>>> print(open('target.cif').read())   # mmCIF, C-alpha atoms
data_input
loop_
_atom_site.label_atom_id
_atom_site.label_comp_id
_atom_site.auth_asym_id
_atom_site.auth_seq_id
_atom_site.Cartn_x
_atom_site.Cartn_y
_atom_site.Cartn_z
CA MET A 3 0.42 -12.70 26.21
CA PRO A 4 0.91 -9.32 27.97
CA LYS A 5 1.12 -6.22 25.81
CA ARG A 6 4.48 -4.51 25.60
CA GLN A 7 4.70 -0.95 26.84
CA VAL A 8 5.25 1.78 24.29
CA LEU A 9 8.20 3.67 25.65
CA GLY A 10 7.57 6.80 23.64
CA ARG A 11 11.17 7.96 23.39
CA GLY A 12 10.56 9.09 19.81
CA LEU A 13 12.94 9.34 16.91
CA ASP A 14 14.68 12.48 18.16
CA SER A 15 16.44 10.45 20.84
CA LEU A 16 17.64 7.84 18.33
CA ILE A 17 18.22 9.60 15.01
CA PRO A 18 21.36 11.75 15.04
CA ASP A 19 21.65 15.29 13.74
CA THR A 20 23.41 15.97 10.45
CA ASP A 21 26.22 17.84 12.23
CA TRP A 22 27.25 14.75 14.14
CA GLU A 23 31.01 15.31 14.00
CA VAL A 24 30.83 18.19 16.49
CA GLU A 25 28.27 16.54 18.74
CA GLU A 26 30.24 15.28 21.73
CA LYS A 27 27.21 13.75 23.42
CA LYS A 28 26.80 11.43 20.41
CA PRO A 29 30.23 9.83 19.89
CA VAL A 30 30.70 8.43 16.39
CA PHE A 31 33.04 5.63 15.37
CA TYR A 32 33.66 3.79 12.12
CA CYS A 33 32.52 0.19 11.86
CA ASP A 34 33.08 -2.57 9.32
CA VAL A 35 29.94 -2.60 7.15
CA ASP A 36 29.89 -6.43 7.25
CA ALA A 37 29.79 -6.40 11.05
CA ILE A 38 26.30 -4.88 10.91
CA ARG A 39 23.17 -6.90 10.31
CA PRO A 40 19.70 -5.51 9.49
CA ASN A 41 16.95 -5.10 12.02
CA PRO A 42 14.91 -8.34 12.03
CA LEU A 43 11.85 -6.33 13.13
CA GLN A 44 12.07 -3.96 10.16
CA PRO A 45 8.53 -3.55 8.78
CA ARG A 46 9.73 -2.31 5.42
CA ARG A 47 10.19 -5.24 3.03
CA ASN A 48 10.59 -3.48 -0.30
CA PHE A 49 13.60 -1.29 -1.10
CA SER A 50 13.64 0.37 -4.52
CA GLU A 51 16.73 -0.65 -6.48
CA ASP A 52 16.72 2.68 -8.33
CA GLU A 53 16.63 4.63 -5.06
CA LEU A 54 19.42 2.51 -3.57
CA ASN A 55 21.57 2.97 -6.69
CA ARG A 56 21.08 6.74 -6.60
CA LEU A 57 21.95 6.81 -2.91
CA ALA A 58 25.01 4.62 -3.55
CA GLU A 59 26.24 7.11 -6.19
CA SER A 60 25.71 9.95 -3.72
CA ILE A 61 27.69 8.06 -1.06
CA LYS A 62 30.55 7.49 -3.52
CA GLU A 63 30.66 11.23 -4.19
CA LYS A 64 29.93 12.74 -0.77
CA GLY A 65 30.26 9.91 1.73
CA ILE A 66 27.69 9.15 4.43
CA ILE A 67 26.58 12.48 5.91
CA GLN A 68 24.39 11.05 8.65
CA PRO A 69 25.64 8.09 10.69
CA LEU A 70 23.75 4.86 11.23
CA VAL A 71 22.38 4.03 14.68
CA VAL A 72 23.14 0.53 15.95
CA ARG A 73 23.05 -1.61 19.05
CA THR A 74 25.38 -4.41 20.02
CA SER A 75 24.37 -7.90 18.92
CA GLY A 76 26.64 -10.85 19.66
CA SER A 77 30.07 -10.07 18.24
CA GLY A 78 28.70 -7.41 15.88
CA TYR A 79 25.97 -4.81 15.64
CA GLU A 80 22.30 -4.63 14.70
CA LEU A 81 20.72 -1.68 12.90
CA ILE A 82 18.27 0.55 14.71
CA VAL A 83 18.07 3.37 12.14
CA GLY A 84 19.57 3.70 8.66
CA GLU A 85 18.98 0.48 6.69
CA ARG A 86 18.75 2.32 3.34
CA ARG A 87 22.14 3.96 3.96
CA TRP A 88 23.64 0.63 5.04
CA ARG A 89 22.36 -1.15 1.91
CA ALA A 90 23.52 1.70 -0.35
CA ALA A 91 26.95 1.77 1.32
CA ARG A 92 27.42 -1.93 0.52
CA LEU A 93 26.39 -1.27 -3.09
CA ALA A 94 28.93 1.56 -3.23
CA GLY A 95 31.69 -0.75 -2.01
CA VAL A 96 32.21 1.19 1.21
CA LYS A 97 34.15 -0.88 3.77
CA GLU A 98 33.45 1.18 6.89
CA VAL A 99 30.48 3.32 7.87
CA PRO A 100 30.02 5.91 10.66
CA VAL A 101 27.79 4.66 13.45
CA ILE A 102 26.41 5.78 16.78
CA LEU A 103 25.93 3.13 19.44
CA ARG A 104 22.68 3.01 21.42
CA GLU A 105 21.56 0.27 23.75
CA VAL A 106 17.83 -0.34 23.36
CA SER A 107 15.47 -3.19 24.20
CA ASP A 108 13.64 -5.28 21.61
CA ALA A 109 10.48 -3.29 22.37
CA GLU A 110 12.26 0.01 21.69
CA LEU A 111 13.83 -1.45 18.54
CA LEU A 112 10.44 -2.43 17.14
CA GLU A 113 8.84 0.87 18.08
CA THR A 114 11.63 2.88 16.49
CA ALA A 115 11.59 0.88 13.25
CA LEU A 116 7.84 1.28 12.88
CA ILE A 117 7.66 4.97 13.71
CA GLU A 118 10.71 5.89 11.61
CA ASN A 119 9.22 4.34 8.49
CA LEU A 120 5.72 5.65 9.11
CA GLN A 121 6.84 9.23 9.72
CA ARG A 122 9.17 9.21 6.71
CA GLU A 123 6.50 7.62 4.45
CA ASP A 124 8.86 4.82 3.42
CA LEU A 125 6.20 2.12 3.64
CA ASN A 126 3.70 1.05 0.99
CA PRO A 127 0.06 0.90 2.20
CA ILE A 128 0.17 -2.84 3.00
CA GLU A 129 3.40 -2.53 4.99
CA GLU A 130 1.83 0.45 6.75
CA ALA A 131 -1.27 -1.60 7.60
CA GLU A 132 0.90 -4.39 9.01
CA ALA A 133 2.91 -1.86 11.01
CA TYR A 134 -0.24 -0.39 12.57
CA SER A 135 -1.52 -3.87 13.33
CA HIS A 136 1.81 -4.72 14.97
CA LEU A 137 1.57 -1.62 17.16
CA MET A 138 -1.89 -2.68 18.27
CA GLU A 139 -0.98 -6.32 18.87
CA GLU A 140 2.48 -5.87 20.44
CA PHE A 141 1.87 -2.66 22.39
CA GLY A 142 -1.91 -2.63 22.85
CA LEU A 143 -2.32 0.76 21.18
CA THR A 144 -5.71 1.97 20.03
CA GLN A 145 -6.32 3.52 16.62
CA ASP A 146 -6.59 6.94 18.31
CA GLN A 147 -3.19 6.48 19.97
CA ILE A 148 -1.56 5.40 16.70
CA ALA A 149 -3.10 8.40 14.94
CA ARG A 150 -1.54 10.76 17.48
CA LEU A 151 1.76 8.89 17.33
CA VAL A 152 2.16 9.22 13.55
CA GLY A 153 0.27 12.48 13.05
CA LYS A 154 -2.64 11.15 10.99
CA ASP A 155 -6.43 11.13 11.38
CA ARG A 156 -7.96 8.13 13.10
CA SER A 157 -10.15 7.51 10.03
CA THR A 158 -6.99 7.26 7.91
CA ILE A 159 -5.58 4.65 10.29
CA ALA A 160 -8.84 2.70 10.19
CA ASN A 161 -8.97 2.73 6.37
CA ILE A 162 -5.38 1.54 6.06
CA LEU A 163 -5.96 -1.28 8.56
CA ARG A 164 -8.93 -2.48 6.48
CA LEU A 165 -6.53 -3.28 3.61
CA ARG A 166 -5.51 -6.43 5.47
CA ASN A 167 -9.04 -7.78 4.86
CA LEU A 168 -8.51 -7.81 1.09
CA PRO A 169 -7.56 -11.04 -0.74
CA GLN A 170 -3.79 -11.57 -0.94
CA SER A 171 -3.70 -11.14 -4.72
CA ILE A 172 -5.11 -7.62 -4.35
CA GLN A 173 -2.74 -6.82 -1.50
CA ASN A 174 0.19 -7.88 -3.70
CA ASP A 175 -0.86 -5.41 -6.41
CA ILE A 176 -1.12 -2.63 -3.82
CA MET A 177 2.39 -3.44 -2.57
CA ASP A 178 3.72 -3.42 -6.14
CA GLY A 179 2.04 -0.08 -6.90
CA LYS A 180 -0.19 -1.56 -9.62
CA ILE A 181 -3.29 -0.14 -7.96
CA SER A 182 -3.52 2.90 -5.71
CA MET A 183 -4.85 3.41 -2.21
CA GLY A 184 -7.90 5.07 -3.78
CA HIS A 185 -8.59 1.96 -5.87
CA ALA A 186 -8.16 -0.20 -2.76
CA ARG A 187 -10.68 1.86 -0.78
CA ALA A 188 -13.19 1.53 -3.61
CA ILE A 189 -12.66 -2.24 -3.85
CA LEU A 190 -13.21 -2.56 -0.11
CA GLY A 191 -16.71 -1.21 -0.73
CA ALA A 192 -17.63 -4.40 -2.62
CA GLU A 193 -19.91 -6.70 -0.66
CA ASP A 194 -17.83 -9.88 -0.59
CA THR A 195 -14.53 -11.43 -1.66
CA THR A 196 -15.92 -12.68 -4.97
CA GLN A 197 -17.09 -9.19 -5.89
CA GLN A 198 -13.78 -7.67 -4.76
CA ILE A 199 -11.85 -10.04 -7.04
CA LYS A 200 -14.20 -9.21 -9.92
CA VAL A 201 -13.71 -5.45 -9.44
CA TRP A 202 -9.94 -5.80 -9.05
CA ARG A 203 -9.59 -7.76 -12.28
CA THR A 204 -11.64 -5.15 -14.13
CA VAL A 205 -9.56 -2.31 -12.66
CA VAL A 206 -6.30 -3.93 -13.75
CA SER A 207 -7.42 -5.11 -17.20
CA GLN A 208 -9.18 -1.89 -18.17
CA ARG A 209 -6.97 0.51 -16.18
CA LEU A 210 -9.95 2.13 -14.50
CA SER A 211 -9.62 5.42 -12.68
CA VAL A 212 -10.54 5.59 -8.98
CA ARG A 213 -13.84 7.29 -9.83
CA ALA A 214 -14.70 4.65 -12.43
CA THR A 215 -13.88 1.95 -9.87
CA GLU A 216 -16.21 3.55 -7.33
CA THR A 217 -18.98 3.66 -9.96
CA LEU A 218 -18.39 0.01 -10.86
CA VAL A 219 -18.70 -1.06 -7.21
CA LYS A 220 -21.84 1.02 -6.78
CA ASN A 221 -23.43 -0.53 -9.87
CA LEU A 222 -22.55 -4.07 -8.78
CA LYS A 223 -24.08 -3.49 -5.35
CA SER A 224 -27.24 -1.99 -6.89
CA GLU A 225 -27.49 -4.90 -9.29
CA LYS A 226 -27.21 -7.41 -6.46
CA ARG A 227 -29.90 -5.63 -4.39
CA ALA A 228 -32.21 -5.51 -7.40
CA ILE A 229 -31.78 -9.24 -8.00
CA SER A 230 -32.55 -10.05 -4.36
CA LYS A 231 -35.81 -8.02 -4.50
CA ALA A 232 -36.95 -9.08 -7.94
CA VAL A 233 -39.98 -11.27 -8.54
CA LEU A 234 -39.87 -14.09 -11.04
CA PRO A 235 -39.26 -12.35 -14.39
CA SER A 236 -41.46 -12.82 -17.44
CA SER A 237 -40.12 -14.56 -20.53
CA GLU A 238 -39.75 -11.14 -22.18
CA ASP A 239 -37.78 -9.81 -19.21
CA MET A 240 -35.57 -12.88 -19.26
CA PHE A 241 -34.89 -12.35 -22.97
CA PHE A 242 -33.71 -8.77 -22.47
CA ASN A 243 -31.76 -9.66 -19.32
CA ASN A 244 -29.93 -12.38 -21.24
CA LEU A 245 -29.33 -9.94 -24.09
CA GLU A 246 -27.82 -7.43 -21.67
CA ARG A 247 -25.48 -10.09 -20.28
CA GLU A 248 -24.43 -11.27 -23.74
CA LEU A 249 -23.71 -7.72 -24.94
CA THR A 250 -21.81 -6.94 -21.71
CA GLN A 251 -19.70 -10.05 -22.15
CA HIS A 252 -19.09 -9.35 -25.85
CA LEU A 253 -18.15 -5.67 -25.42
CA GLY A 254 -16.39 -6.00 -22.07
CA ASN A 255 -18.45 -3.07 -20.76
CA ARG A 256 -21.66 -2.86 -18.75
CA VAL A 257 -24.68 -2.71 -21.09
CA ARG A 258 -28.23 -1.73 -20.08
CA ILE A 259 -31.40 -1.91 -22.16
CA HIS A 260 -34.09 0.57 -21.08
CA ARG A 261 -37.53 -0.27 -22.51
CA ARG A 262 -40.57 1.95 -22.76
CA GLY A 263 -43.32 0.03 -24.49
CA LYS A 264 -42.04 -0.97 -27.92
CA ARG A 265 -39.34 1.70 -27.81
CA GLY A 266 -36.29 2.20 -25.59
CA ARG A 267 -32.60 3.01 -25.50
CA LEU A 268 -29.35 1.07 -25.31
CA GLU A 269 -26.82 2.29 -22.72
CA ILE A 270 -23.14 1.25 -22.79
CA GLU A 271 -20.74 2.31 -20.05
CA PHE A 272 -17.15 3.25 -20.79
CA TYR A 273 -14.25 3.81 -18.43
CA GLY A 274 -12.01 6.36 -20.06
CA ASN A 275 -11.20 7.96 -23.42
CA ASP A 276 -9.25 4.94 -24.64
CA ASP A 277 -12.13 2.65 -23.75
CA LEU A 278 -14.61 4.94 -25.58
CA GLU A 279 -12.45 4.94 -28.71
CA ARG A 280 -12.28 1.13 -28.58
CA LEU A 281 -16.07 0.89 -28.37
CA ILE A 282 -16.57 3.33 -31.25
CA ALA A 283 -14.16 1.35 -33.44
CA LEU A 284 -15.92 -1.88 -32.51
CA LEU A 285 -19.39 -0.50 -33.30
CA LYS A 286 -18.23 0.99 -36.60
CA GLY A 287 -16.84 -2.39 -37.57
CA VAL A 288 -20.23 -4.01 -36.91
CA THR A 289 -22.18 -1.47 -39.02
CA SER A 290 -19.73 -1.25 -41.94
#
>>> encode(input="target.cif", output="structure tokens")
Amino acid sequence: MPKRQVLGRGLDSLIPDTDWEVEEKKPVFYCDVDAIRPNPLQPRRNFSEDELNRLAESIKEKGIIQPLVVRTSGSGYELIVGERRWRAARLAGVKEVPVILREVSDAELLETALIENLQREDLNPIEEAEAYSHLMEEFGLTQDQIARLVGKDRSTIANILRLRNLPQSIQNDIMDGKISMGHARAILGAEDTTQQIKVWRTVVSQRLSVRATETLVKNLKSEKRAISKAVLPSSEDMFFNNLERELTQHLGNRVRIHRRGKRGRLEIEFYGNDDLERLIALLKGVTS
């Protein structure tokens, strides 16, 4: 399938100025809000209800300051720019909205929807990753070209695209804002899907910081390398290894036993002040 050409018209040619009423070159007319349908190529899937309600209240008070941009579609119109305003206007009970008519191709419609959302930071990281992927697949853009297009470093584009390699359950939590982009980058450092799931569950259940997540991934990778290089352990080693695992499972935190002859030290990791307080309370309960 041939790649579509990126037309590069940019948002300036499609998004109207605020002072649209005096702009003769951009004629505005009022259109029935129900005659407009959303852009089917819109990459943004999540619209905050709180944000829409606030915008709806603003529209009730001040009206729509900036018109929507539409193209003709059958007997009605299709949105090019302004879906948040259109949704909020419907919530506000507005019957007619100001629009500017532009005739654009499907390729231009897709380009505009992607770039508008990316430049205005309206997308969550997963939607952004899908948008970048769409630009590469539909238009044949490279990561360098996308970086220039949206004003970001190429490494940033590459890191965001990698999010699509995560299991869907982790992607869902990123979309819902339950874990941050920093957490996602740390989880991507895990060696396989099983390890990624393990880290993600720990992050969510224990509310780990990004730094604690990075440390957890590092420790898991070190542990796996050590296992792969290890010779058959002695019965004494197996006893202490089993003890470490049992204590880790019981406490919910990584436990290490460091031996030096008949002496040694017990090391317990914690992942925040709350976690430390929980461990202290647990240990006090054992010794009381």
>>> closest_residue(input="target.cif", among="A:Gly191, A:Gly266, A:Pro29, A:Gly153", to="Thr217 (chain A)", atoms="all atoms listed in the file")
A:Gly191
>>> residues_around(input="target.cif", residues="region 241-256 of chain A", least_positions_apart="5", cutoff="7 Å", atoms="all atoms listed in the file", output="JSON, numbers by chain")
{"A": [270, 271, 272]}
>>> atom_distance(input="target.cif", atom1="CA of Ala91 (chain A)", atom2="CA of Asn41 (chain A)")
16.2 Å
>>> resolve_selection(input="target.cif", expression="the PyMOL selection byres ((chain A and resi 90) around 6)", output="PDB file with C-alpha atoms, in the frame of the given file")
ATOM      1  CA  LEU A  54      19.420   2.510  -3.570  1.00  0.00           C
ATOM      2  CA  LEU A  57      21.950   6.810  -2.910  1.00  0.00           C
ATOM      3  CA  ALA A  58      25.010   4.620  -3.550  1.00  0.00           C
ATOM      4  CA  ARG A  87      22.140   3.960   3.960  1.00  0.00           C
ATOM      5  CA  TRP A  88      23.640   0.630   5.040  1.00  0.00           C
ATOM      6  CA  ARG A  89      22.360  -1.150   1.910  1.00  0.00           C
ATOM      7  CA  ALA A  91      26.950   1.770   1.320  1.00  0.00           C
ATOM      8  CA  ARG A  92      27.420  -1.930   0.520  1.00  0.00           C
ATOM      9  CA  LEU A  93      26.390  -1.270  -3.090  1.00  0.00           C
TER      10      LEU A  93
END
>>> residues_around(input="target.cif", residues="Lys97 (chain A)", least_positions_apart="5", cutoff="10 Å", atoms="all atoms listed in the file", output="JSON list (two decimals) with C-alpha atoms, in the coordinates of the input")
[["chain", "number", "residue", "atom", "x", "y", "z"],
["A", 32, "TYR", "CA", 33.66, 3.79, 12.12],
["A", 33, "CYS", "CA", 32.52, 0.19, 11.86],
["A", 34, "ASP", "CA", 33.08, -2.57, 9.32],
["A", 35, "VAL", "CA", 29.94, -2.60, 7.15],
["A", 36, "ASP", "CA", 29.89, -6.43, 7.25],
["A", 91, "ALA", "CA", 26.95, 1.77, 1.32],
["A", 92, "ARG", "CA", 27.42, -1.93, 0.52]]
>>> closest_residue(input="target.cif", among="A:Val72, A:Ala192, A:Leu116, A:Val206", to="Val99 (chain A)", atoms="only C-alpha atoms")
A:Val72
>>> resolve_selection(input="target.cif", expression="the PyMOL selection byres ((chain A and resi 190) around 12)", output="JSON, numbers by chain")
{"A": [161, 162, 163, 164, 165, 166, 167, 168, 169, 172, 173, 183, 184, 185, 186, 187, 188, 189, 191, 192, 193, 194, 195, 196, 197, 198, 199, 200, 201, 202, 215, 216, 219, 220]}
>>> atom_distance(input="target.cif", atom1="CA of Glu53 (chain A)", atom2="CA of Ala94 (chain A)")
12.8 Å
>>> atom_distance(input="target.cif", atom1="CA of Asn174 (chain A)", atom2="CA of Glu110 (chain A)")
29.2 Å
>>> resolve_selection(input="target.cif", expression="the PyMOL selection byres ((chain A and resi 146) around 12)", output="ChimeraX atom specification")
/A:134,137-138,142-145,147-160
>>> closest_residue(input="target.cif", among="A:Glu132, A:Ser211, A:Lys62, A:Ser182", to="Tyr273 (chain A)", atoms="all atoms listed in the file")
A:Ser211
>>> residues_around(input="target.cif", residues="Gly84 (chain A)", least_positions_apart="5", cutoff="9 Å", atoms="all atoms listed in the file", output="PyMOL selection string")
chain A and resi 17+68-72+89
>>> closest_residue(input="target.cif", among="A:Glu225, A:Pro100, A:Gly263, A:Leu210", to="Glu238 (chain A)", atoms="all atoms listed in the file")
A:Gly263
